[in-house]
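*Asks:* Pasting data-v8.cif below, which is mmCIF, N, CA and C atoms.
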data_query
loop_
_atom_site.label_atom_id
_atom_site.label_comp_id
_atom_site.auth_asym_id
_atom_site.auth_seq_id
_atom_site.Cartn_x
_atom_site.Cartn_y
_atom_site.Cartn_z
N ASP A 1 70.05 8.81 -14.99
CA ASP A 1 69.95 7.42 -14.54
C ASP A 1 71.31 6.77 -14.34
N ASN A 2 72.35 7.35 -14.93
CA ASN A 2 73.66 6.71 -14.90
C ASN A 2 74.74 7.76 -14.66
N PRO A 3 74.81 8.31 -13.43
CA PRO A 3 75.78 9.38 -13.16
C PRO A 3 77.22 8.86 -13.20
N LEU A 4 78.14 9.75 -13.47
CA LEU A 4 79.57 9.42 -13.47
C LEU A 4 80.06 9.29 -12.03
N GLN A 5 81.22 8.69 -11.86
CA GLN A 5 81.79 8.53 -10.53
C GLN A 5 82.35 9.85 -10.01
N VAL A 6 82.31 10.02 -8.69
CA VAL A 6 82.93 11.19 -8.06
C VAL A 6 84.40 11.23 -8.46
N GLY A 7 84.88 12.42 -8.82
CA GLY A 7 86.27 12.60 -9.24
C GLY A 7 86.46 12.57 -10.74
N THR A 8 85.41 12.23 -11.50
CA THR A 8 85.52 12.17 -12.95
C THR A 8 85.58 13.59 -13.53
N ARG A 9 86.56 13.84 -14.40
CA ARG A 9 86.64 15.12 -15.13
C ARG A 9 85.79 15.00 -16.38
N LEU A 10 85.14 16.10 -16.75
CA LEU A 10 84.29 16.08 -17.93
C LEU A 10 84.24 17.45 -18.56
N THR A 11 83.72 17.50 -19.77
CA THR A 11 83.48 18.76 -20.46
C THR A 11 81.98 18.91 -20.62
N LEU A 12 81.45 20.01 -20.13
CA LEU A 12 80.02 20.31 -20.25
C LEU A 12 79.81 21.24 -21.43
N ARG A 13 78.87 20.87 -22.29
CA ARG A 13 78.48 21.72 -23.42
C ARG A 13 76.98 21.89 -23.33
N PHE A 14 76.53 23.14 -23.16
CA PHE A 14 75.10 23.40 -23.09
C PHE A 14 74.82 24.83 -23.52
N CYS A 15 73.59 25.02 -23.97
CA CYS A 15 73.17 26.34 -24.44
C CYS A 15 71.79 26.64 -23.87
N PRO A 16 71.74 27.46 -22.82
CA PRO A 16 70.44 27.81 -22.24
C PRO A 16 69.58 28.58 -23.24
N PRO A 17 68.27 28.54 -23.05
CA PRO A 17 67.38 29.31 -23.94
C PRO A 17 67.77 30.78 -23.96
N GLY A 18 67.84 31.34 -25.14
CA GLY A 18 68.14 32.76 -25.29
C GLY A 18 69.62 33.10 -25.27
N ALA A 19 70.49 32.10 -25.05
CA ALA A 19 71.93 32.38 -25.02
C ALA A 19 72.44 32.63 -26.43
N LYS A 20 73.41 33.53 -26.54
CA LYS A 20 73.99 33.85 -27.84
C LYS A 20 74.93 32.75 -28.32
N GLU A 21 75.59 32.10 -27.37
CA GLU A 21 76.50 31.02 -27.72
C GLU A 21 76.50 29.97 -26.62
N ALA A 22 76.91 28.76 -26.96
CA ALA A 22 76.92 27.66 -26.00
C ALA A 22 78.07 27.81 -25.00
N PHE A 23 77.87 27.25 -23.83
CA PHE A 23 78.95 27.12 -22.86
C PHE A 23 79.74 25.86 -23.19
N VAL A 24 81.03 25.92 -23.03
CA VAL A 24 81.91 24.74 -23.11
C VAL A 24 82.84 24.88 -21.92
N LEU A 25 82.57 24.08 -20.86
CA LEU A 25 83.25 24.26 -19.59
C LEU A 25 83.79 22.94 -19.05
N ALA A 26 84.97 23.00 -18.45
CA ALA A 26 85.54 21.82 -17.79
C ALA A 26 84.91 21.69 -16.41
N GLY A 27 84.71 20.44 -15.97
CA GLY A 27 84.12 20.22 -14.66
C GLY A 27 84.64 18.96 -14.01
N LEU A 28 84.28 18.79 -12.75
CA LEU A 28 84.68 17.64 -11.95
C LEU A 28 83.47 17.19 -11.14
N VAL A 29 83.12 15.90 -11.22
CA VAL A 29 81.99 15.38 -10.46
C VAL A 29 82.33 15.43 -8.98
N GLN A 30 81.50 16.13 -8.19
CA GLN A 30 81.72 16.33 -6.76
C GLN A 30 80.88 15.41 -5.89
N TRP A 31 79.67 15.11 -6.32
CA TRP A 31 78.79 14.23 -5.55
C TRP A 31 77.82 13.53 -6.48
N VAL A 32 77.29 12.40 -6.01
CA VAL A 32 76.33 11.62 -6.79
C VAL A 32 75.15 11.27 -5.90
N ASN A 33 73.96 11.45 -6.42
CA ASN A 33 72.73 11.00 -5.78
C ASN A 33 72.13 9.97 -6.73
N PRO A 34 72.46 8.67 -6.53
CA PRO A 34 72.08 7.65 -7.51
C PRO A 34 70.58 7.39 -7.54
N LEU A 35 70.12 6.93 -8.70
CA LEU A 35 68.75 6.48 -8.86
C LEU A 35 68.59 5.21 -8.04
N LYS A 36 67.58 5.15 -7.21
CA LYS A 36 67.35 3.98 -6.36
C LYS A 36 66.04 3.34 -6.79
N VAL A 37 66.14 2.15 -7.36
CA VAL A 37 64.97 1.44 -7.85
C VAL A 37 64.04 1.13 -6.69
N LEU A 38 62.76 1.38 -6.90
CA LEU A 38 61.71 1.13 -5.90
C LEU A 38 61.86 1.99 -4.64
N ALA A 39 62.55 3.09 -4.73
CA ALA A 39 62.69 4.01 -3.60
C ALA A 39 62.28 5.41 -4.06
N GLU A 40 61.87 6.22 -3.13
CA GLU A 40 61.50 7.59 -3.47
C GLU A 40 62.75 8.45 -3.48
N ASN A 41 63.24 8.74 -4.65
CA ASN A 41 64.44 9.55 -4.83
C ASN A 41 64.09 10.60 -5.89
N LEU A 42 63.61 11.73 -5.43
CA LEU A 42 63.05 12.72 -6.35
C LEU A 42 64.08 13.44 -7.19
N ASN A 43 65.35 13.44 -6.77
CA ASN A 43 66.36 14.21 -7.50
C ASN A 43 67.63 13.41 -7.74
N PRO A 44 67.56 12.31 -8.48
CA PRO A 44 68.81 11.60 -8.78
C PRO A 44 69.67 12.44 -9.71
N GLY A 45 70.96 12.24 -9.65
CA GLY A 45 71.87 12.97 -10.53
C GLY A 45 73.23 13.13 -9.92
N MET A 46 73.93 14.17 -10.36
CA MET A 46 75.28 14.42 -9.86
C MET A 46 75.54 15.92 -9.83
N GLY A 47 76.44 16.31 -8.94
CA GLY A 47 76.86 17.70 -8.84
C GLY A 47 78.22 17.87 -9.48
N VAL A 48 78.36 18.93 -10.26
CA VAL A 48 79.61 19.17 -10.98
C VAL A 48 80.18 20.53 -10.56
N ARG A 49 81.46 20.53 -10.23
CA ARG A 49 82.16 21.78 -9.92
C ARG A 49 82.87 22.23 -11.19
N PHE A 50 82.65 23.48 -11.57
CA PHE A 50 83.33 24.02 -12.75
C PHE A 50 84.81 24.22 -12.43
N LEU A 51 85.64 23.94 -13.40
CA LEU A 51 87.09 24.13 -13.28
C LEU A 51 87.51 25.23 -14.24
N GLU A 52 88.46 26.03 -13.83
CA GLU A 52 89.03 27.07 -14.69
C GLU A 52 87.95 27.98 -15.28
N LEU A 53 87.00 28.37 -14.45
CA LEU A 53 85.90 29.22 -14.88
C LEU A 53 86.37 30.67 -14.96
N THR A 54 86.17 31.28 -16.12
CA THR A 54 86.55 32.69 -16.27
C THR A 54 85.48 33.57 -15.64
N ALA A 55 85.83 34.80 -15.36
CA ALA A 55 84.86 35.76 -14.82
C ALA A 55 83.71 35.96 -15.81
N GLU A 56 84.02 35.98 -17.09
CA GLU A 56 82.99 36.16 -18.12
C GLU A 56 82.03 34.97 -18.13
N ASP A 57 82.57 33.74 -18.07
CA ASP A 57 81.71 32.55 -18.04
C ASP A 57 80.84 32.54 -16.79
N ARG A 58 81.42 32.92 -15.66
CA ARG A 58 80.66 32.95 -14.41
C ARG A 58 79.49 33.93 -14.52
N GLU A 59 79.75 35.09 -15.08
CA GLU A 59 78.70 36.09 -15.25
C GLU A 59 77.60 35.58 -16.19
N ARG A 60 78.00 34.91 -17.27
CA ARG A 60 77.03 34.35 -18.21
C ARG A 60 76.17 33.28 -17.54
N ILE A 61 76.79 32.45 -16.70
CA ILE A 61 76.04 31.40 -15.99
C ILE A 61 75.03 32.03 -15.03
N VAL A 62 75.47 33.01 -14.27
CA VAL A 62 74.56 33.69 -13.33
C VAL A 62 73.40 34.32 -14.09
N ASP A 63 73.67 34.97 -15.20
CA ASP A 63 72.61 35.56 -16.02
C ASP A 63 71.64 34.50 -16.52
N ALA A 64 72.16 33.36 -16.97
CA ALA A 64 71.31 32.27 -17.46
C ALA A 64 70.42 31.74 -16.35
N ILE A 65 70.98 31.56 -15.16
CA ILE A 65 70.20 31.08 -14.01
C ILE A 65 69.10 32.06 -13.66
N HIS A 66 69.42 33.34 -13.65
CA HIS A 66 68.39 34.35 -13.36
C HIS A 66 67.28 34.31 -14.41
N THR A 67 67.64 34.15 -15.67
CA THR A 67 66.65 34.09 -16.74
C THR A 67 65.76 32.88 -16.58
N ILE A 68 66.35 31.71 -16.32
CA ILE A 68 65.57 30.49 -16.15
C ILE A 68 64.66 30.60 -14.93
N ALA A 69 65.17 31.13 -13.83
CA ALA A 69 64.37 31.29 -12.61
C ALA A 69 63.21 32.25 -12.86
N TYR A 70 63.45 33.32 -13.61
CA TYR A 70 62.41 34.30 -13.92
C TYR A 70 61.32 33.65 -14.78
N VAL A 71 61.73 32.88 -15.79
CA VAL A 71 60.75 32.23 -16.67
C VAL A 71 59.93 31.23 -15.88
N ARG A 72 60.55 30.45 -15.02
CA ARG A 72 59.80 29.48 -14.21
C ARG A 72 58.84 30.19 -13.28
N ASP A 73 59.28 31.27 -12.64
CA ASP A 73 58.43 32.01 -11.72
C ASP A 73 57.23 32.59 -12.47
N ALA A 74 57.46 33.13 -13.64
CA ALA A 74 56.38 33.73 -14.43
C ALA A 74 55.38 32.65 -14.86
N ALA A 75 55.86 31.44 -15.13
CA ALA A 75 54.99 30.36 -15.58
C ALA A 75 54.09 29.85 -14.46
N THR A 76 54.53 29.97 -13.22
CA THR A 76 53.72 29.47 -12.09
C THR A 76 52.74 30.50 -11.57
N ASN A 77 52.88 31.75 -11.98
CA ASN A 77 51.96 32.80 -11.51
C ASN A 77 50.80 32.97 -12.44
#
Using the file provided, produce a representation of the structure as structure tokens.

*Replies:*
Amino acid sequence: DNPLQVGTRLTLRFCPPGAKEAFVLAGLVQWVNPLKVLAENLNPGMGVRFLELTAEDRERIVDAIHTIAYVRDAATN
């Protein structure tokens, strides 16, 4: 409901289901899709570009995305 401004640097800390350890990654807000009161805006939020991402972190993120996509797909079938 309250995205940061484009250009804001931030630290993301998150732990996807099944992950052995949490991610702690630097990022930069690239775009914002603000919440619009009384308008149909199905996906408000912001896009974040990772900064200084290591090859290991990138691989872990891709694995987490595949796991989440697999779980969602299995739940809809």

*Asks:* As a PyMOL selection string, please: the residues near Pro17 (chain A) (cut-off 8 Å, only N, CA and C atoms, same-chain neighbours under 4 positions excluded).

*Replies:* chain A and resi 64+67-68

*Asks:* Based on the backbone DSSP call, show me all residues of region 3-73 of chain A assigned strand (DSSP E or B), as a list in words.

*Replies:*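 Across region 3-73 of chain A, those assigned strand (DSSP E or B) are Arg9, Leu10, Thr11, Leu12, Arg13, Phe14, Phe23, Val24, Leu25, Ala26, Gly27, Leu28, Val29, Gln30, Trp31, Val32, Asn33, Gly45, Met46, Gly47, Val48, Arg49, Phe50 and Leu51 of chain A.
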
*Asks:* Could you save those same residues with N, CA and C atoms as an mmCIF file, keeping the file's coordinate frame?

*Replies:*
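result.cif written:
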data_model
loop_
_atom_site.group_PDB
_atom_site.id
_atom_site.type_symbol
_atom_site.label_atom_id
_atom_site.label_comp_id
_atom_site.auth_asym_id
_atom_site.auth_seq_id
_atom_site.Cartn_x
_atom_site.Cartn_y
_atom_site.Cartn_z
ATOM 1 N N ARG A 9 86.560 13.840 -14.400
ATOM 2 C CA ARG A 9 86.640 15.120 -15.130
ATOM 3 C C ARG A 9 85.790 15.000 -16.380
ATOM 4 N N LEU A 10 85.140 16.100 -16.750
ATOM 5 C CA LEU A 10 84.290 16.080 -17.930
ATOM 6 C C LEU A 10 84.240 17.450 -18.560
ATOM 7 N N THR A 11 83.720 17.500 -19.770
ATOM 8 C CA THR A 11 83.480 18.760 -20.460
ATOM 9 C C THR A 11 81.980 18.910 -20.620
ATOM 10 N N LEU A 12 81.450 20.010 -20.130
ATOM 11 C CA LEU A 12 80.020 20.310 -20.250
ATOM 12 C C LEU A 12 79.810 21.240 -21.430
ATOM 13 N N ARG A 13 78.870 20.870 -22.290
ATOM 14 C CA ARG A 13 78.480 21.720 -23.420
ATOM 15 C C ARG A 13 76.980 21.890 -23.330
ATOM 16 N N PHE A 14 76.530 23.140 -23.160
ATOM 17 C CA PHE A 14 75.100 23.400 -23.090
ATOM 18 C C PHE A 14 74.820 24.830 -23.520
ATOM 19 N N PHE A 23 77.870 27.250 -23.830
ATOM 20 C CA PHE A 23 78.950 27.120 -22.860
ATOM 21 C C PHE A 23 79.740 25.860 -23.190
ATOM 22 N N VAL A 24 81.030 25.920 -23.030
ATOM 23 C CA VAL A 24 81.910 24.740 -23.110
ATOM 24 C C VAL A 24 82.840 24.880 -21.920
ATOM 25 N N LEU A 25 82.570 24.080 -20.860
ATOM 26 C CA LEU A 25 83.250 24.260 -19.590
ATOM 27 C C LEU A 25 83.790 22.940 -19.050
ATOM 28 N N ALA A 26 84.970 23.000 -18.450
ATOM 29 C CA ALA A 26 85.540 21.820 -17.790
ATOM 30 C C ALA A 26 84.910 21.690 -16.410
ATOM 31 N N GLY A 27 84.710 20.440 -15.970
ATOM 32 C CA GLY A 27 84.120 20.220 -14.660
ATOM 33 C C GLY A 27 84.640 18.960 -14.010
ATOM 34 N N LEU A 28 84.280 18.790 -12.750
ATOM 35 C CA LEU A 28 84.680 17.640 -11.950
ATOM 36 C C LEU A 28 83.470 17.190 -11.140
ATOM 37 N N VAL A 29 83.120 15.900 -11.220
ATOM 38 C CA VAL A 29 81.990 15.380 -10.460
ATOM 39 C C VAL A 29 82.330 15.430 -8.980
ATOM 40 N N GLN A 30 81.500 16.130 -8.190
ATOM 41 C CA GLN A 30 81.720 16.330 -6.760
ATOM 42 C C GLN A 30 80.880 15.410 -5.890
ATOM 43 N N TRP A 31 79.670 15.110 -6.320
ATOM 44 C CA TRP A 31 78.790 14.230 -5.550
ATOM 45 C C TRP A 31 77.820 13.530 -6.480
ATOM 46 N N VAL A 32 77.290 12.400 -6.010
ATOM 47 C CA VAL A 32 76.330 11.620 -6.790
ATOM 48 C C VAL A 32 75.150 11.270 -5.900
ATOM 49 N N ASN A 33 73.960 11.450 -6.420
ATOM 50 C CA ASN A 33 72.730 11.000 -5.780
ATOM 51 C C ASN A 33 72.130 9.970 -6.730
ATOM 52 N N GLY A 45 70.960 12.240 -9.650
ATOM 53 C CA GLY A 45 71.870 12.970 -10.530
ATOM 54 C C GLY A 45 73.230 13.130 -9.920
ATOM 55 N N MET A 46 73.930 14.170 -10.360
ATOM 56 C CA MET A 46 75.280 14.420 -9.860
ATOM 57 C C MET A 46 75.540 15.920 -9.830
ATOM 58 N N GLY A 47 76.440 16.310 -8.940
ATOM 59 C CA GLY A 47 76.860 17.700 -8.840
ATOM 60 C C GLY A 47 78.220 17.870 -9.480
ATOM 61 N N VAL A 48 78.360 18.930 -10.260
ATOM 62 C CA VAL A 48 79.610 19.170 -10.980
ATOM 63 C C VAL A 48 80.180 20.530 -10.560
ATOM 64 N N ARG A 49 81.460 20.530 -10.230
ATOM 65 C CA ARG A 49 82.160 21.780 -9.920
ATOM 66 C C ARG A 49 82.870 22.230 -11.190
ATOM 67 N N PHE A 50 82.650 23.480 -11.570
ATOM 68 C CA PHE A 50 83.330 24.020 -12.750
ATOM 69 C C PHE A 50 84.810 24.220 -12.430
ATOM 70 N N LEU A 51 85.640 23.940 -13.400
ATOM 71 C CA LEU A 51 87.090 24.130 -13.280
ATOM 72 C C LEU A 51 87.510 25.230 -14.240
#

*Asks:* List the residues selected by the PyMOL selection byres ((chain A and resi 39-53) around 5) in the file shown, writing them as a list in words.

*Replies:*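 So the PyMOL selection byres ((chain A and resi 39-53) around 5), applied here, picks out Ala26, Gly27, Leu28, Val29, Gln30, Trp31, Val32, Asn33, Pro34, Leu35, Lys36, Val37, Leu38, Thr54 and Ala55 of chain A.
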
*Asks:* Exactly which residues make up the result of the PyMOL selection byres (((chain A and resi 23 and name CA) around 9) and name CA) on this file, given as a VMD selection string?

*Replies:* chain A and resid 12 to 16 21 to 22 24 to 25 57 60 to 61

*Asks:* Chain A: which residues are helix (DSSP H, G or I) by DSSP, as a list in words?

*Replies:*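 Matching residues for helix (DSSP H, G or I) in chain A are Ala55, Glu56, Asp57, Arg58, Glu59, Arg60, Ile61, Val62, Asp63, Ala64, Ile65, His66, Thr67, Ile68, Ala69, Tyr70, Val71, Arg72, Asp73, Ala74, Ala75 and Thr76 of chain A.
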
*Asks:* Could you work out how far atom C of Ala19 (chain A) lies from atom N of Ile65 (chain A), giving the answer in Å with one decimal?

*Replies:*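 These two atoms are separated by 11.4 Å.
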
*Asks:* Quick check, in Å to one decimal: how far apart do CA of Glu59 (chain A) and atom C of Thr11 (chain A) lie?

*Replies:*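 One can read the CA of Glu59 (chain A) to atom C of Thr11 (chain A) distance as 18.3 Å.
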
*Asks:* Please measure the separation of atom C of Gly18 (chain A) and atom N of Glu56 (chain A), giving the value in Å to one decimal.

*Replies:*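 Atom-to-atom, atom C of Gly18 (chain A) and atom N of Glu56 (chain A) are spaced 16.8 Å apart.
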